[in-house]
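Asks: Sharing start_30.tsv below, TSV, C-alpha atoms:
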chain	number	residue	atom	x	y	z
A	1	ALA	CA	16.64	25.87	6.31
A	2	GLY	CA	16.26	25.67	10.08
A	3	GLU	CA	16.11	22.63	12.29
A	4	ARG	CA	13.98	19.68	11.24
A	5	ARG	CA	10.99	19.15	13.55
A	6	HIS	CA	8.57	16.31	14.27
A	7	THR	CA	5.59	16.89	12.00
A	8	GLU	CA	3.22	14.94	14.26
A	9	SER	CA	4.46	16.35	17.57
A	10	GLN	CA	5.29	12.85	18.73
A	11	GLY	CA	8.16	11.50	20.81
A	12	ASN	CA	9.11	7.83	20.70
A	13	VAL	CA	10.68	5.46	23.19
A	14	GLY	CA	11.61	2.18	21.51
A	15	LEU	CA	11.95	-0.95	23.63
A	16	LEU	CA	13.73	-3.77	21.83
A	17	GLY	CA	13.97	-7.24	23.37
A	18	ARG	CA	14.41	-10.78	22.12
A	19	ARG	CA	10.64	-11.14	21.97
A	20	LEU	CA	7.42	-9.58	23.20
A	21	ASP	CA	7.05	-11.32	26.55
A	22	GLY	CA	6.67	-10.63	30.25
A	23	ASN	CA	10.09	-8.96	30.41
A	24	ALA	CA	9.07	-6.57	27.64
A	25	ALA	CA	5.82	-5.88	29.49
A	26	LYS	CA	7.70	-5.08	32.70
A	27	ALA	CA	10.05	-2.79	30.78
A	28	ALA	CA	7.16	-0.95	29.12
A	29	LEU	CA	5.38	-0.43	32.45
A	30	LEU	CA	8.57	0.81	34.14
A	31	ALA	CA	9.30	3.19	31.26
A	32	ALA	CA	5.71	4.49	31.29
A	33	THR	CA	5.95	5.05	35.05
A	34	ALA	CA	9.18	7.03	34.63
A	35	LEU	CA	7.52	9.14	31.93
A	36	ALA	CA	4.43	9.69	34.09
A	37	GLU	CA	6.69	10.99	36.88
A	38	LEU	CA	7.85	13.61	34.37
A	39	GLY	CA	4.26	14.51	33.50
A	40	LEU	CA	4.07	12.59	30.21
A	41	GLU	CA	1.48	9.97	29.26
A	42	ALA	CA	2.84	7.06	27.22
A	43	HIS	CA	0.82	4.97	24.78
A	44	PRO	CA	2.10	1.51	23.73
A	45	LYS	CA	2.18	-0.15	20.34
A	46	SER	CA	3.88	-3.16	18.82
A	47	SER	CA	6.56	-2.48	16.25
A	48	GLY	CA	5.13	-5.21	14.03
A	49	ASN	CA	8.30	-7.20	14.60
A	50	LYS	CA	10.29	-7.75	17.83
A	51	GLY	CA	9.78	-4.52	19.72
A	52	LEU	CA	7.41	-2.44	21.76
A	53	GLN	CA	7.26	1.31	21.27
A	54	LEU	CA	5.85	4.02	23.49
A	55	GLY	CA	4.47	7.15	21.87
A	56	ILE	CA	4.15	10.47	23.66
A	57	GLY	CA	2.19	13.40	22.27
A	58	ILE	CA	4.29	16.57	22.52
A	59	GLU	CA	4.17	20.01	21.00
A	60	PRO	CA	6.38	20.64	17.92
A	61	THR	CA	9.90	20.23	19.28
A	62	PRO	CA	13.34	20.15	17.59
A	63	CYS	CA	14.46	16.58	16.97
A	64	SER	CA	17.77	17.24	18.71
A	65	GLN	CA	15.90	18.13	21.92
A	66	VAL	CA	13.67	15.04	21.67
A	67	PHE	CA	16.77	12.89	21.08
A	68	ARG	CA	18.54	14.31	24.16
A	69	PHE	CA	15.44	13.63	26.26
A	70	ALA	CA	15.12	10.02	25.02
A	71	GLN	CA	18.85	9.41	25.52
A	72	GLY	CA	18.68	10.75	29.07
A	73	LEU	CA	15.61	8.64	29.80
A	74	ALA	CA	17.36	5.51	28.47
A	75	LYS	CA	20.38	6.08	30.71
A	76	HIS	CA	18.09	6.76	33.68
A	77	LEU	CA	16.16	3.51	33.14
A	78	ALA	CA	19.37	1.50	32.71
A	79	ARG	CA	20.79	2.96	35.91
A	80	GLU	CA	17.63	2.54	38.00
A	81	HIS	CA	16.71	-0.92	36.67
A	82	PRO	CA	19.97	-2.61	35.52
A	83	SER	CA	18.40	-6.08	35.56
A	84	VAL	CA	15.78	-4.97	33.01
A	85	PHE	CA	17.22	-2.22	30.77
A	86	THR	CA	20.33	-1.35	28.84
A	87	ALA	CA	21.14	1.76	26.83
A	88	THR	CA	23.93	-0.03	24.93
A	89	MET	CA	23.19	-1.13	21.37
A	90	ALA	CA	25.65	-4.05	21.06
A	91	LYS	CA	23.74	-7.34	21.39
A	92	ASP	CA	26.50	-9.06	23.37
A	93	ALA	CA	26.21	-6.29	25.97
A	94	ARG	CA	22.49	-6.90	26.54
A	95	PRO	CA	21.72	-10.59	27.09
A	96	ARG	CA	18.17	-10.90	28.40
A	97	LEU	CA	17.98	-7.11	28.75
A	98	VAL	CA	15.63	-4.72	27.00
A	99	PHE	CA	17.43	-2.14	24.87
A	100	VAL	CA	15.96	1.38	24.99
A	101	ASP	CA	16.43	2.47	21.38
A	102	TYR	CA	16.56	6.23	21.91
A	103	SER	CA	18.31	6.81	18.56
A	104	GLN	CA	14.95	6.52	16.76
A	105	ASN	CA	14.41	10.16	17.70
A	106	LEU	CA	17.29	11.46	15.58
A	107	ALA	CA	16.20	13.49	12.55
A	108	ALA	CA	18.06	11.09	10.24
A	109	ARG	CA	16.19	8.03	11.58
A	110	ASN	CA	12.66	6.82	11.03
A	111	THR	CA	10.17	4.83	13.07
A	112	VAL	CA	7.43	2.59	11.73
A	113	ALA	CA	4.12	4.43	11.92
A	114	PRO	CA	1.06	2.95	13.64
A	115	TYR	CA	-0.94	0.62	11.37
A	116	SER	CA	2.00	0.17	8.98
A	117	VAL	CA	2.42	-3.32	7.49
A	118	ARG	CA	5.92	-4.75	7.98
A	119	GLY	CA	7.66	-6.45	5.06
A	120	LEU	CA	7.95	-9.89	6.65
A	121	ASP	CA	7.30	-13.37	5.23
A	122	ILE	CA	3.99	-13.21	7.08
A	123	PRO	CA	2.80	-9.58	7.02
A	124	ARG	CA	2.38	-8.07	10.46
A	125	VAL	CA	1.06	-4.66	11.44
A	126	SER	CA	2.50	-2.17	13.90
A	127	THR	CA	-0.48	-2.03	16.23
A	128	PRO	CA	-1.52	0.30	19.09
A	129	LEU	CA	-2.17	-1.68	22.27
A	130	THR	CA	-4.06	-1.27	25.53
A	131	TRP	CA	-2.06	-1.31	28.74
A	132	GLU	CA	-4.09	-4.34	29.79
A	133	GLU	CA	-2.75	-6.21	26.76
A	134	VAL	CA	0.81	-5.18	27.62
A	135	ALA	CA	0.46	-6.26	31.25
A	136	ALA	CA	-0.88	-9.67	30.13
A	137	LEU	CA	2.15	-10.48	27.94
A	138	ARG	CA	3.69	-13.90	28.59
A	139	PRO	CA	6.52	-15.88	26.91
A	140	ASP	CA	4.02	-17.53	24.56
A	141	SER	CA	2.09	-14.33	23.76
A	142	GLN	CA	1.54	-13.46	20.13
A	143	LEU	CA	1.23	-9.80	19.18
A	144	GLY	CA	1.72	-10.32	15.47
A	145	PHE	CA	-1.48	-8.73	14.25
A	146	SER	CA	-2.51	-9.35	10.65
A	147	PRO	CA	-4.08	-6.57	8.52
A	148	ALA	CA	-7.48	-8.25	8.85
A	149	SER	CA	-7.26	-8.56	12.64
A	150	VAL	CA	-6.26	-4.89	12.96
A	151	CYS	CA	-9.40	-3.89	11.09
A	152	GLU	CA	-11.39	-5.91	13.62
A	153	ARG	CA	-9.53	-4.22	16.50
A	154	LEU	CA	-10.43	-0.80	15.14
A	155	GLN	CA	-14.09	-1.77	15.27
A	156	GLU	CA	-13.71	-2.96	18.86
A	157	HIS	CA	-11.31	-0.40	20.38
A	158	GLY	CA	-11.39	2.54	17.98
A	159	ASP	CA	-8.12	4.28	17.18
A	160	LEU	CA	-5.98	3.81	20.28
A	161	TRP	CA	-3.31	6.10	18.81
A	162	GLN	CA	-5.60	9.11	18.55
A	163	ALA	CA	-4.59	10.33	22.01
A	164	VAL	CA	-0.96	10.62	20.91
A	165	LEU	CA	-1.89	12.74	17.89
A	166	THR	CA	-4.19	15.08	19.82
A	167	THR	CA	-1.90	15.72	22.82
A	168	ALA	CA	0.66	18.52	22.78
A	169	ALA	CA	2.59	18.26	26.04
A	170	VAL	CA	5.69	20.34	26.67
A	171	LEU	CA	8.76	18.09	26.72
A	172	PRO	CA	10.47	18.41	30.12
A	173	GLU	CA	14.12	17.94	30.94
A	174	PRO	CA	15.11	14.27	31.40
A	175	PRO	CA	15.95	13.01	34.90
A	176	ALA	CA	18.73	15.28	36.20
A	177	ALA	CA	21.35	12.58	36.76
A	178	ALA	CA	20.93	11.29	33.21
A	179	ARG	CA	21.03	14.54	31.26
A	180	VAL	CA	23.32	14.55	28.23
A	181	GLU	CA	24.62	17.88	27.01
A	182	GLU	CA	24.18	18.68	23.33
A	183	ASP	CA	27.22	19.33	21.18
A	184	GLY	CA	25.91	22.32	19.26
A	185	THR	CA	28.78	22.18	16.76
A	186	MET	CA	27.68	18.78	15.36
A	187	SER	CA	25.34	18.29	12.39
A	188	HIS	CA	22.50	15.74	12.51
A	189	TRP	CA	24.67	13.27	10.55
A	190	GLU	CA	27.60	13.76	12.93
A	191	GLN	CA	25.28	13.22	15.90
A	192	LEU	CA	24.00	9.98	14.33
A	193	VAL	CA	27.46	8.54	13.61
A	194	ALA	CA	28.83	9.70	16.97
A	195	MET	CA	25.90	8.03	18.73
A	196	VAL	CA	26.59	4.71	16.96
A	197	TRP	CA	30.32	4.89	17.79
A	198	ALA	CA	29.59	5.70	21.42
A	199	GLN	CA	27.25	2.72	21.74
A	200	VAL	CA	29.63	0.30	20.01
A	201	LEU	CA	32.56	1.43	22.20
A	202	ASP	CA	30.34	1.68	25.32
A	203	LEU	CA	31.19	5.35	25.87
A	204	ASP	CA	28.83	7.91	27.39
A	205	HIS	CA	29.49	10.40	24.61
A	206	VAL	CA	31.57	10.97	21.50
A	207	GLY	CA	31.95	14.58	20.40
A	208	HIS	CA	34.47	16.61	18.47
A	209	ARG	CA	36.76	16.09	21.46
A	210	ASP	CA	35.61	13.38	23.83
A	211	ASP	CA	35.41	14.30	27.51
A	212	ALA	CA	37.37	11.15	28.41
A	213	GLY	CA	40.52	12.85	27.09
A	214	ALA	CA	43.19	12.09	24.55
A	215	GLU	CA	42.52	8.35	24.54
A	216	HIS	CA	39.32	8.90	22.53
A	217	ASP	CA	40.28	12.00	20.50
A	218	GLY	CA	40.98	9.84	17.45
A	219	VAL	CA	37.57	8.22	17.76
A	220	ALA	CA	35.85	11.60	17.83
A	221	LEU	CA	37.75	12.92	14.82
A	222	GLU	CA	37.23	9.73	12.82
A	223	ALA	CA	33.52	9.75	13.64
A	224	ALA	CA	33.27	13.29	12.30
A	225	ARG	CA	35.06	12.29	9.08
A	226	VAL	CA	32.73	9.32	8.57
A	227	ALA	CA	29.69	11.53	9.19
A	228	ARG	CA	30.80	14.08	6.60
A	229	ALA	CA	31.43	11.31	4.07
A	230	VAL	CA	27.99	9.76	4.68
A	231	GLU	CA	26.26	13.13	4.44
A	232	ALA	CA	28.08	13.99	1.19
A	233	PHE	CA	27.14	10.60	-0.30
A	234	VAL	CA	23.46	10.95	0.62
A	235	VAL	CA	23.23	14.53	-0.66
A	236	ARG	CA	24.93	13.53	-3.90
As a first step, turn the structure in this file into structure tokens.
Replies:
Amino acid sequence: AGERRHTESQGNVGLLGRRLDGNAAKAALLAATALAELGLEAHPKSSGNKGLQLGIGIEPTPCSQVFRFAQGLAKHLAREHPSVFTATMAKDARPRLVFVDYSQNLAARNTVAPYSVRGLDIPRVSTPLTWEEVAALRPDSQLGFSPASVCERLQEHGDLWQAVLTTAAVLPEPPAAARVEEDGTMSHWEQLVAMVWAQVLDLDHVGHRDDAGAEHDGVALEAARVARAVEAFVVR
């Protein structure tokens, strides 16, 4: 069937913090700067809940390649700005840090689309933002846009996400020191489960045989078994 591809030629960098505040704004600006240094223009939006997301318009690209790029970027940001970012999922490993949720670029994952209404007690919309709005974020800022207010924003700003959908940049390699080699023998489901295990155990990588040696061989094999079981269940 071939490799699943992004249908909208869009890469995503998810930034998840405790709330949308000045720390999230700083993280978004630092991430956008890192992307600009690689020749990519990032466009911000709220997730409609607790996060900020950056969208990048790219040409149709295999999800596995986009995932490797986002993972490398996350590790680069965490290394260059350790007081702001973490690439580790576990909440107890990221107090007051912004988690770069690179896993949203796996083929088996999904990301809330712009203008989608979130299923919260008070409906909120995932809303494209201006960089001025991001830079002005403070601890008491509210970016929980209602459906009605988003309609008003469209009248005022137009569709701020249009640039993402009409750009087709070529995805470059991530920063050299943060590149993560792809395990070509792993299915999408195995990549997803291995990624979760690696984040929970705070390992750089979990493959069919982990580079750390025999200590993690059991982890790699068990991750593969779990992935096959999940895939079989979903297909069934």
Asks: Mind pulling up the distance from CA of Cys63 in chain A to CA of Ser47 in chain A?
Replies: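 Separating CA of Ser47 in chain A from CA of Cys63 in chain A is a distance of 20.6 Å.
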Asks: Within 9 Å of Ala28 in chain A, counting all atoms listed in the file, which residues qualify if same-chain residues fewer than 2 places away don't, as a list in words?
Replies: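 Counting only the stated atoms, we get Leu15, Asn23, Ala24, Ala25, Lys26, Leu30, Ala31, Ala32, Thr33, Pro44, Leu52, Gln53, Leu54, Val134 and Ala135 of chain A.
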Asks: Taking (5.6, 13.4, 28.8) in the file's own coordinates, collect the residues within 12 Å, counting all atoms listed in the file, and hand them back as number ranges by chain.
Replies: A: 9-13, 31-43, 54-59, 66, 69-70, 73, 164, 167-174
Asks: Measure the distance from CA of Ala27 in chain A to CA of Arg109 in chain A in Å and round it to one decimal.
Replies: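 A separation of 22.9 Å between them.
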Asks: Using only C-alpha atoms, which of A:Leu77, A:Leu106, A:Val98, A:Val150 sits nearest Ser126 in chain A?
Replies: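 Of the candidates, the smallest distance to Ser126 in chain A is held by A:Val150.
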Asks: Near Ala148 in chain A, within 12 Å and counting all atoms listed in the file, which residues show up once chain neighbours fewer than 6 positions away are dropped, as a short mmCIF file (atom, residue, chain, number, x, y, z; two decimals) with C-alpha atoms, in the coordinates of the input?
Replies:
data_model
loop_
_atom_site.label_atom_id
_atom_site.label_comp_id
_atom_site.auth_asym_id
_atom_site.auth_seq_id
_atom_site.Cartn_x
_atom_site.Cartn_y
_atom_site.Cartn_z
CA TYR A 115 -0.94 0.62 11.37
CA VAL A 117 2.42 -3.32 7.49
CA PRO A 123 2.80 -9.58 7.02
CA ARG A 124 2.38 -8.07 10.46
CA VAL A 125 1.06 -4.66 11.44
CA THR A 127 -0.48 -2.03 16.23
CA LEU A 154 -10.43 -0.80 15.14
CA GLN A 155 -14.09 -1.77 15.27
#
Asks: Starting from 8 Å padding per side, set up an axis-aligned box that covers all listed atoms of range 53-58 of chain A and hand over centre and edge lengths in Å, one decimal, as lines of an AutoDock Vina configuration file.
Replies:
center_x = 4.7
center_y = 8.9
center_z = 22.5
size_x = 21.1
size_y = 31.3
size_z = 18.4
Asks: Distance CA of Gly72 in chain A-CA of Pro175 in chain A, one decimal place?
Replies: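 CA of Pro175 in chain A lies at a distance of 6.8 Å from CA of Gly72 in chain A.
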Asks: Which polymer residues have any atom within 10 Å of an atom of Ala78 in chain A, counting all atoms listed in the file, with same-chain residues fewer than 3 positions away left out, as a ChimeraX atom specification?
Replies: /A:72-75,81-88,97-100,178
Asks: Output C-alpha atoms for every residue in that selection, as an mmCIF file, in the coordinates of the input.
Replies:
data_model
loop_
_atom_site.group_PDB
_atom_site.id
_atom_site.type_symbol
_atom_site.label_atom_id
_atom_site.label_comp_id
_atom_site.auth_asym_id
_atom_site.auth_seq_id
_atom_site.Cartn_x
_atom_site.Cartn_y
_atom_site.Cartn_z
ATOM 1 C CA GLY A 72 18.680 10.750 29.070
ATOM 2 C CA LEU A 73 15.610 8.640 29.800
ATOM 3 C CA ALA A 74 17.360 5.510 28.470
ATOM 4 C CA LYS A 75 20.380 6.080 30.710
ATOM 5 C CA HIS A 81 16.710 -0.920 36.670
ATOM 6 C CA PRO A 82 19.970 -2.610 35.520
ATOM 7 C CA SER A 83 18.400 -6.080 35.560
ATOM 8 C CA VAL A 84 15.780 -4.970 33.010
ATOM 9 C CA PHE A 85 17.220 -2.220 30.770
ATOM 10 C CA THR A 86 20.330 -1.350 28.840
ATOM 11 C CA ALA A 87 21.140 1.760 26.830
ATOM 12 C CA THR A 88 23.930 -0.030 24.930
ATOM 13 C CA LEU A 97 17.980 -7.110 28.750
ATOM 14 C CA VAL A 98 15.630 -4.720 27.000
ATOM 15 C CA PHE A 99 17.430 -2.140 24.870
ATOM 16 C CA VAL A 100 15.960 1.380 24.990
ATOM 17 C CA ALA A 178 20.930 11.290 33.210
#
